[in-house]
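Data block for final_10.cif (mmCIF, C-alpha atoms):
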```cif
data_model
#
loop_
_atom_site.label_atom_id
_atom_site.label_comp_id
_atom_site.auth_asym_id
_atom_site.auth_seq_id
_atom_site.Cartn_x
_atom_site.Cartn_y
_atom_site.Cartn_z
CA MET W 1 15.93 8.32 19.49
CA MET W 2 13.73 6.37 21.92
CA ASN W 3 10.56 7.53 20.11
CA ALA W 4 11.97 6.30 16.79
CA VAL W 5 12.82 2.94 18.37
CA LEU W 6 9.33 2.60 19.82
CA LYS W 7 7.71 3.57 16.53
CA LYS W 8 9.80 1.01 14.65
CA TYR W 9 8.81 -1.63 17.20
CA ASP W 10 5.11 -0.77 16.89
CA LEU W 11 5.01 -0.49 13.08
CA GLU W 12 7.04 -3.64 12.47
CA LYS W 13 4.95 -5.99 14.56
CA SER W 14 3.42 -9.00 12.84
CA GLY W 15 0.56 -11.32 13.62
CA GLN W 16 0.68 -14.70 15.29
CA HIS W 17 0.88 -16.53 11.94
CA PHE W 18 3.91 -14.69 10.58
CA VAL W 19 6.48 -17.16 9.21
CA TYR W 20 9.60 -15.98 7.38
CA ASP W 21 9.77 -18.90 4.95
CA GLU W 22 6.05 -18.72 4.12
CA MET W 23 6.36 -15.02 3.28
CA LEU W 24 9.17 -15.82 0.86
CA LYS W 25 7.17 -18.71 -0.59
CA VAL W 26 4.19 -16.45 -1.31
CA ARG W 27 6.58 -13.88 -2.79
CA ASP W 28 7.81 -16.53 -5.25
CA MET W 29 4.22 -17.51 -6.08
CA THR W 30 3.32 -13.86 -6.65
CA ARG W 31 6.26 -13.26 -9.03
CA ALA W 32 5.37 -16.42 -10.97
CA ALA W 33 1.73 -15.35 -11.25
CA LEU W 34 2.77 -11.94 -12.60
CA HIS W 35 4.64 -13.58 -15.47
CA GLU W 36 1.86 -16.08 -16.15
CA ILE W 37 -0.64 -13.22 -16.44
CA ALA W 38 1.71 -11.26 -18.69
CA ALA W 39 2.22 -14.26 -20.99
CA ALA W 40 -1.55 -14.49 -21.50
CA CYS W 41 -1.86 -10.83 -22.60
CA HIS W 42 -1.62 -9.92 -26.28
CA PRO W 43 -2.13 -6.93 -28.60
CA GLY W 44 -5.79 -6.27 -29.31
CA MET W 45 -6.85 -7.44 -25.86
CA LEU W 46 -9.24 -5.25 -23.89
CA GLU W 47 -7.90 -4.21 -20.49
CA GLU W 48 -11.08 -5.28 -18.71
CA ASP W 49 -10.70 -8.78 -20.20
CA ALA W 50 -7.09 -8.91 -19.03
CA VAL W 51 -8.17 -8.11 -15.47
CA ASP W 52 -10.77 -10.91 -15.56
CA MET W 53 -8.17 -13.29 -16.95
CA ALA W 54 -5.71 -12.33 -14.22
CA LYS W 55 -8.31 -13.00 -11.54
CA ASP W 56 -9.00 -16.44 -13.07
CA ILE W 57 -5.29 -17.31 -12.98
CA LEU W 58 -5.01 -16.25 -9.33
CA ALA W 59 -8.17 -18.16 -8.43
CA LYS W 60 -6.70 -21.37 -9.85
CA LYS W 61 -3.71 -20.86 -7.58
CA ASN W 62 -5.96 -20.23 -4.54
CA MET W 63 -4.62 -16.66 -4.47
CA LEU W 64 -7.78 -14.79 -5.43
CA ARG W 65 -8.53 -13.26 -2.04
CA GLY W 66 -6.34 -10.22 -2.33
CA TRP W 67 -5.78 -7.45 0.15
CA HIS W 68 -6.02 -5.06 -2.81
CA ASP W 69 -7.66 -5.29 -6.21
CA VAL W 70 -6.06 -6.80 -9.30
CA TYR W 71 -4.64 -4.20 -11.68
CA VAL W 72 -3.65 -4.76 -15.28
CA ARG W 73 -3.00 -1.37 -16.88
CA PHE W 74 -2.59 -0.83 -20.63
CA GLY W 75 -1.14 2.18 -22.44
CA SER W 76 -2.30 5.51 -21.07
CA ASN W 77 -3.76 3.79 -18.01
CA THR W 78 -0.19 3.04 -16.86
CA THR W 79 -0.06 6.66 -15.65
CA LYS W 80 -2.89 6.02 -13.15
CA THR W 81 -2.10 5.93 -9.48
CA PHE W 82 -3.01 3.08 -7.14
CA GLY W 83 -6.75 2.78 -6.59
CA ALA W 84 -7.68 5.04 -9.50
CA ASP W 85 -10.10 3.59 -12.02
CA SER W 86 -8.73 2.88 -15.47
CA ASP W 87 -10.24 4.66 -18.42
CA PRO W 88 -12.57 2.04 -19.94
CA GLY W 89 -12.21 0.40 -23.33
CA VAL W 90 -8.42 0.59 -23.64
CA ARG W 91 -6.91 -2.11 -25.86
CA LEU W 92 -3.30 -3.23 -25.86
CA GLY W 93 -1.58 -1.96 -29.00
CA ASP W 94 1.06 -3.61 -31.16
CA ASP W 95 3.67 -1.18 -29.78
CA ASP W 96 2.52 -0.67 -26.23
CA ILE W 97 3.30 -0.92 -22.54
CA MET W 98 1.44 -2.51 -19.66
CA PHE W 99 1.96 -3.20 -15.99
CA ILE W 100 0.47 -5.71 -13.59
CA ASP W 101 -0.01 -5.08 -9.86
CA ILE W 102 -1.37 -7.85 -7.65
CA GLY W 103 -1.68 -8.24 -3.87
CA PRO W 104 -2.83 -11.83 -3.40
CA VAL W 105 -3.25 -13.63 -0.11
CA PHE W 106 -2.33 -17.31 0.05
CA GLU W 107 -3.68 -19.00 3.17
CA LYS W 108 -2.52 -16.61 5.94
CA TRP W 109 0.26 -14.74 4.13
CA GLU W 110 0.27 -11.68 1.94
CA GLY W 111 1.99 -11.39 -1.40
CA ASP W 112 2.47 -8.21 -3.36
CA GLY W 113 4.22 -7.58 -6.63
CA GLY W 114 4.21 -5.46 -9.74
CA GLU W 115 6.06 -5.52 -13.03
CA THR W 116 6.02 -3.80 -16.42
CA PHE W 117 6.00 -5.45 -19.86
CA VAL W 118 6.44 -4.00 -23.35
CA PHE W 119 4.96 -5.23 -26.61
CA GLY W 120 6.47 -4.29 -29.96
CA ASN W 121 9.45 -2.09 -30.69
CA ASP W 122 8.94 1.31 -29.08
CA GLU W 123 12.42 2.07 -27.73
CA ASP W 124 11.25 4.73 -25.25
CA MET W 125 8.71 2.34 -23.74
CA LYS W 126 11.38 -0.34 -23.50
CA ARG W 127 13.66 2.11 -21.70
CA CYS W 128 10.82 3.05 -19.34
CA ALA W 129 10.28 -0.61 -18.41
CA GLU W 130 14.01 -1.17 -17.97
CA ASP W 131 14.51 2.02 -15.96
CA VAL W 132 11.73 1.31 -13.46
CA ARG W 133 13.41 -1.98 -12.57
CA LYS W 134 16.82 -0.26 -12.54
CA LEU W 135 15.48 2.48 -10.27
CA PHE W 136 13.96 -0.08 -7.91
CA HIS W 137 17.38 -1.62 -7.37
CA ILE W 138 19.16 1.74 -7.08
CA VAL W 139 16.75 2.66 -4.30
CA ARG W 140 16.86 -0.79 -2.71
CA LYS W 141 20.67 -0.66 -2.56
CA GLU W 142 20.50 2.78 -0.92
CA TRP W 143 18.39 1.17 1.80
CA GLN W 144 20.68 -1.85 2.05
CA ILE W 145 23.97 0.07 2.19
CA GLU W 146 23.09 3.40 3.81
CA HIS W 147 20.29 2.21 6.15
CA VAL W 148 18.17 5.28 5.46
CA SER W 149 14.61 5.89 6.65
CA GLY W 150 11.59 5.26 4.48
CA ARG W 151 11.11 9.02 4.15
CA ASP W 152 14.70 9.58 3.00
CA LEU W 153 14.46 6.57 0.71
CA TYR W 154 11.68 8.16 -1.35
CA ASP W 155 13.37 11.57 -1.37
CA PHE W 156 16.33 9.73 -2.87
CA ALA W 157 14.08 7.87 -5.33
CA GLU W 158 12.59 11.11 -6.61
CA ILE W 159 16.03 12.56 -7.31
CA GLU W 160 17.22 9.38 -9.04
CA ALA W 161 14.07 9.18 -11.18
CA LYS W 162 14.71 12.70 -12.47
CA LYS W 163 18.29 11.77 -13.32
CA LEU W 164 16.90 9.03 -15.55
CA GLY W 165 14.41 11.43 -17.15
CA TRP W 166 11.22 10.26 -15.44
CA GLU W 167 8.71 11.62 -12.94
CA LEU W 168 8.21 9.59 -9.76
CA ASN W 169 4.63 9.07 -8.57
CA LEU W 170 4.85 9.48 -4.80
CA ASP W 171 1.25 8.30 -4.36
CA LEU W 172 2.72 4.82 -4.75
CA SER W 173 5.35 4.81 -2.04
CA GLY W 174 5.60 1.40 -0.42
CA HIS W 175 3.92 -0.16 2.60
CA ARG W 176 3.99 -2.93 5.21
CA ILE W 177 3.44 -6.58 4.38
CA SER W 178 2.73 -9.37 6.81
CA ASP W 179 0.51 -12.27 7.69
CA PHE W 180 -2.94 -11.11 6.65
CA PRO W 181 -3.93 -8.36 7.23
CA HIS W 182 -0.98 -5.99 7.64
CA SER W 183 -3.38 -3.04 7.83
CA VAL W 184 -4.16 -3.78 11.49
CA ILE W 185 -0.51 -2.98 12.24
CA TYR W 186 0.20 -0.12 9.84
CA ASP W 187 -1.74 1.00 6.78
CA GLY W 188 0.32 4.05 5.89
CA PRO W 189 3.04 4.61 3.27
CA LEU W 190 6.68 3.66 3.61
CA ALA W 191 7.53 7.21 2.47
CA GLU W 192 6.31 8.55 5.83
CA VAL W 193 8.36 6.19 7.99
CA ASP W 194 11.21 7.94 9.82
CA PHE W 195 13.28 4.85 10.67
CA THR W 196 15.17 2.28 8.61
CA PRO W 197 12.67 -0.36 7.49
CA SER W 198 13.55 -4.00 8.13
CA ALA W 199 13.90 -6.63 5.43
CA LEU W 200 10.88 -8.77 4.46
CA LEU W 201 8.40 -6.56 6.34
CA TRP W 202 8.07 -3.81 3.74
CA VAL W 203 7.30 -3.49 0.03
CA LEU W 204 9.18 -0.99 -2.12
CA GLU W 205 7.05 0.46 -4.93
CA ILE W 206 8.43 2.47 -7.83
CA HIS W 207 6.01 4.08 -10.31
CA ILE W 208 7.46 6.37 -12.97
CA ARG W 209 5.80 8.39 -15.69
CA HIS W 210 7.06 9.92 -18.92
CA PRO W 211 7.24 13.70 -18.41
CA HIS W 212 5.32 14.42 -21.63
CA LYS W 213 3.87 11.21 -23.08
CA PRO W 214 0.88 9.30 -21.66
CA TYR W 215 2.54 6.21 -20.27
CA GLY W 216 4.51 4.99 -17.29
CA ALA W 217 5.97 1.90 -15.67
CA PHE W 218 5.76 0.16 -12.31
CA PHE W 219 7.88 -2.27 -10.32
CA GLU W 220 7.22 -3.56 -6.82
CA ASP W 221 8.78 -6.19 -4.59
CA MET W 222 9.77 -6.80 -0.99
CA LEU W 223 12.69 -4.91 0.52
CA LEU W 224 15.30 -7.68 0.62
CA GLY W 225 19.06 -8.06 0.21
CA ASP W 226 20.93 -8.85 -3.00
CA ASP W 227 20.83 -12.61 -2.41
CA HIS W 228 17.08 -12.57 -3.18
CA PHE W 229 17.52 -10.97 -6.61
CA LEU W 230 19.21 -11.92 -9.85
CA VAL W 231 20.71 -8.50 -10.66
#
```
Show me, as structure tokens, the structure contained in the file I just sent.
Amino acid sequence: MMNAVLKKYDLEKSGQHFVYDEMLKVRDMTRAALHEIAAACHPGMLEEDAVDMAKDILAKKNMLRGWHDVYVRFGSNTTKTFGADSDPGVRLGDDDIMFIDIGPVFEKWEGDGGETFVFGNDEDMKRCAEDVRKLFHIVRKEWQIEHVSGRDLYDFAEIEAKKLGWELNLDLSGHRISDFPHSVIYDGPLAEVDFTPSALLWVLEIHIRHPHKPYGAFFEDMLLGDDHFLV
């Protein structure tokens, strides 16, 4: 037990500039930027152009310096894991799915967020986008109510994803967040943490894929209680 307590203490440290309210402020800015980027995307758009556009939007908000790259994934590229290059030349279709994943830094504080959007009338894609958000909250509530470890949280997420008919990508399995940069404290995945993660200090990532078709969905936000979500 003492080793777990010490590990939690070490992995949940923050830097000298950590401020609770500023972290929440940057979270709000990040969520707003996600939706502004999504609103500027349209069928026929090339994915590479969408990424450039997203970077322009973040730059205007003084949020360009990210701790990870800007990802806008269209269609089959939504199955790609974090850090993997997209297949080039993919255009957004009339009936299509996309997700956005950004990790901007504003002044001294890190933001991180991801969300999925559907264009057109493909019912399975709509369900995929709805289920990834649903799964995020199922998993988040398991953390909030049962106080499980990060490792158990993602074991639970994998089971729940299968119940909904999706495959969970465990390469995207959450991480620390802090005043910039969190990587000096802990750069590993939440799925390997063997204690209950604290609110505000961790990001929960859920990436699901269709078991047979070439698309998936992504949702990512801070681990926080119900009062921070409209669910």
With distances taken over only C-alpha atoms, which of W:Asp95, W:Asp171, W:Asp124, W:Asp85 is nearest to Gly44 in chain W?
->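 The answer is W:Asp95, which sits nearest to Gly44 in chain W.
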Can you work out the spacing between CA of Phe136 in chain W and CA of Glu160 in chain W in Å, to one decimal?
->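 Distance between the two atoms: 10.1 Å.
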Using only C-alpha atoms, determine which residues lie at most 12 Å from Leu164 in chain W, disregarding the query and same-chain residues fewer than 6 positions distant; provide the list as a list of chain:residue names.
->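 Those residues are W:Arg127, W:Cys128, W:Glu130, W:Asp131, W:Val132, W:Arg133, W:Lys134, W:Leu135, W:Ile138, W:Ala157, W:Glu158, W:Ile208, W:Arg209, W:His210, W:Pro211.
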Store the residues picked out above in a file with C-alpha atoms, as a CSV table (one decimal), keeping the file's coordinate frame.
```
chain,number,residue,atom,x,y,z
W,127,ARG,CA,13.7,2.1,-21.7
W,128,CYS,CA,10.8,3.0,-19.3
W,130,GLU,CA,14.0,-1.2,-18.0
W,131,ASP,CA,14.5,2.0,-16.0
W,132,VAL,CA,11.7,1.3,-13.5
W,133,ARG,CA,13.4,-2.0,-12.6
W,134,LYS,CA,16.8,-0.3,-12.5
W,135,LEU,CA,15.5,2.5,-10.3
W,138,ILE,CA,19.2,1.7,-7.1
W,157,ALA,CA,14.1,7.9,-5.3
W,158,GLU,CA,12.6,11.1,-6.6
W,208,ILE,CA,7.5,6.4,-13.0
W,209,ARG,CA,5.8,8.4,-15.7
W,210,HIS,CA,7.1,9.9,-18.9
W,211,PRO,CA,7.2,13.7,-18.4
```
Would you mind telling me which residue in W:Phe119, W:Phe82, W:Phe156, W:Trp67 lies nearest to Arg176 in chain W when using all atoms listed in the file?
->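 Of W:Phe119, W:Phe82, W:Phe156, W:Trp67, the one nearest Arg176 in chain W, counting all atoms listed in the file, is W:Trp67.
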Counting only C-alpha atoms, the residue of W:Ser183, W:Thr196, W:Ser149, W:Gln16 that sits nearest His68 in chain W = W:Ser183
Using the chain letters and numbering of this document, enumerate as a list of chain:residue names the residues selected by the PyMOL selection byres ((chain W and resi 202) around 7).
->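 On this input, the PyMOL selection byres ((chain W and resi 202) around 7) captures W:His175, W:Arg176, W:Ile177, W:Pro197, W:Ala199, W:Leu200, W:Leu201, W:Val203, W:Leu204, W:Met222, W:Leu223.
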Selection to disk with C-alpha atoms, as a tab-separated table (two decimals), in the frame of the given file:
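Saved result, result07.tsv, follows:
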```tsv
chain	number	residue	atom	x	y	z
W	175	HIS	CA	3.92	-0.16	2.60
W	176	ARG	CA	3.99	-2.93	5.21
W	177	ILE	CA	3.44	-6.58	4.38
W	197	PRO	CA	12.67	-0.36	7.49
W	199	ALA	CA	13.90	-6.63	5.43
W	200	LEU	CA	10.88	-8.77	4.46
W	201	LEU	CA	8.40	-6.56	6.34
W	203	VAL	CA	7.30	-3.49	0.03
W	204	LEU	CA	9.18	-0.99	-2.12
W	222	MET	CA	9.77	-6.80	-0.99
W	223	LEU	CA	12.69	-4.91	0.52
```
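Here CA of Phe195 in chain W stands at a distance of 18.2 Å from CA of His182 in chain W.
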Residues matched by the PyMOL selection byres ((chain W and resi 87) around 10), written as a PyMOL selection string | chain W and resi 47-48+73-74+76-77+80+84-86+88-90
Write range 54-73 of chain W as a short mmCIF file (atom, residue, chain, number, x, y, z; two decimals), in the coordinates of the input, completed to N, CA and C atoms.
```cif
data_model
loop_
_atom_site.label_atom_id
_atom_site.label_comp_id
_atom_site.auth_asym_id
_atom_site.auth_seq_id
_atom_site.Cartn_x
_atom_site.Cartn_y
_atom_site.Cartn_z
N ALA W 54 -6.65 -12.31 -15.33
CA ALA W 54 -5.71 -12.33 -14.22
C ALA W 54 -6.36 -12.89 -12.97
N LYS W 55 -7.60 -12.50 -12.71
CA LYS W 55 -8.31 -13.00 -11.54
C LYS W 55 -8.55 -14.51 -11.66
N ASP W 56 -8.82 -14.99 -12.87
CA ASP W 56 -9.00 -16.44 -13.07
C ASP W 56 -7.70 -17.20 -12.77
N ILE W 57 -6.58 -16.66 -13.23
CA ILE W 57 -5.29 -17.31 -12.98
C ILE W 57 -5.01 -17.36 -11.48
N LEU W 58 -5.25 -16.27 -10.78
CA LEU W 58 -5.01 -16.25 -9.33
C LEU W 58 -5.96 -17.19 -8.60
N ALA W 59 -7.20 -17.27 -9.07
CA ALA W 59 -8.17 -18.16 -8.43
C ALA W 59 -7.73 -19.62 -8.53
N LYS W 60 -7.17 -19.99 -9.67
CA LYS W 60 -6.70 -21.37 -9.85
C LYS W 60 -5.54 -21.69 -8.94
N LYS W 61 -4.83 -20.67 -8.49
CA LYS W 61 -3.71 -20.86 -7.58
C LYS W 61 -4.12 -20.66 -6.11
N ASN W 62 -5.44 -20.52 -5.88
CA ASN W 62 -5.96 -20.23 -4.54
C ASN W 62 -5.39 -18.95 -3.97
N MET W 63 -5.18 -17.95 -4.87
CA MET W 63 -4.62 -16.66 -4.47
C MET W 63 -5.57 -15.52 -4.82
N LEU W 64 -6.85 -15.81 -4.97
CA LEU W 64 -7.78 -14.79 -5.43
C LEU W 64 -8.07 -13.75 -4.35
N ARG W 65 -8.20 -14.20 -3.11
CA ARG W 65 -8.53 -13.26 -2.04
C ARG W 65 -7.36 -12.31 -1.84
N GLY W 66 -7.43 -11.16 -2.44
CA GLY W 66 -6.34 -10.22 -2.33
C GLY W 66 -6.63 -9.15 -1.30
N TRP W 67 -5.58 -8.56 -0.77
CA TRP W 67 -5.78 -7.45 0.15
C TRP W 67 -5.91 -6.14 -0.63
N HIS W 68 -5.62 -6.16 -1.93
CA HIS W 68 -6.02 -5.06 -2.81
C HIS W 68 -6.46 -5.63 -4.15
N ASP W 69 -7.10 -4.83 -4.96
CA ASP W 69 -7.66 -5.29 -6.21
C ASP W 69 -6.56 -5.71 -7.19
N VAL W 70 -6.97 -6.40 -8.23
CA VAL W 70 -6.06 -6.80 -9.30
C VAL W 70 -6.02 -5.70 -10.35
N TYR W 71 -4.80 -5.24 -10.67
CA TYR W 71 -4.64 -4.20 -11.68
C TYR W 71 -3.82 -4.73 -12.86
N VAL W 72 -4.39 -4.60 -14.04
CA VAL W 72 -3.65 -4.76 -15.28
C VAL W 72 -3.90 -3.47 -16.06
N ARG W 73 -2.87 -2.69 -16.27
CA ARG W 73 -3.00 -1.37 -16.88
C ARG W 73 -2.36 -1.38 -18.26
#
```
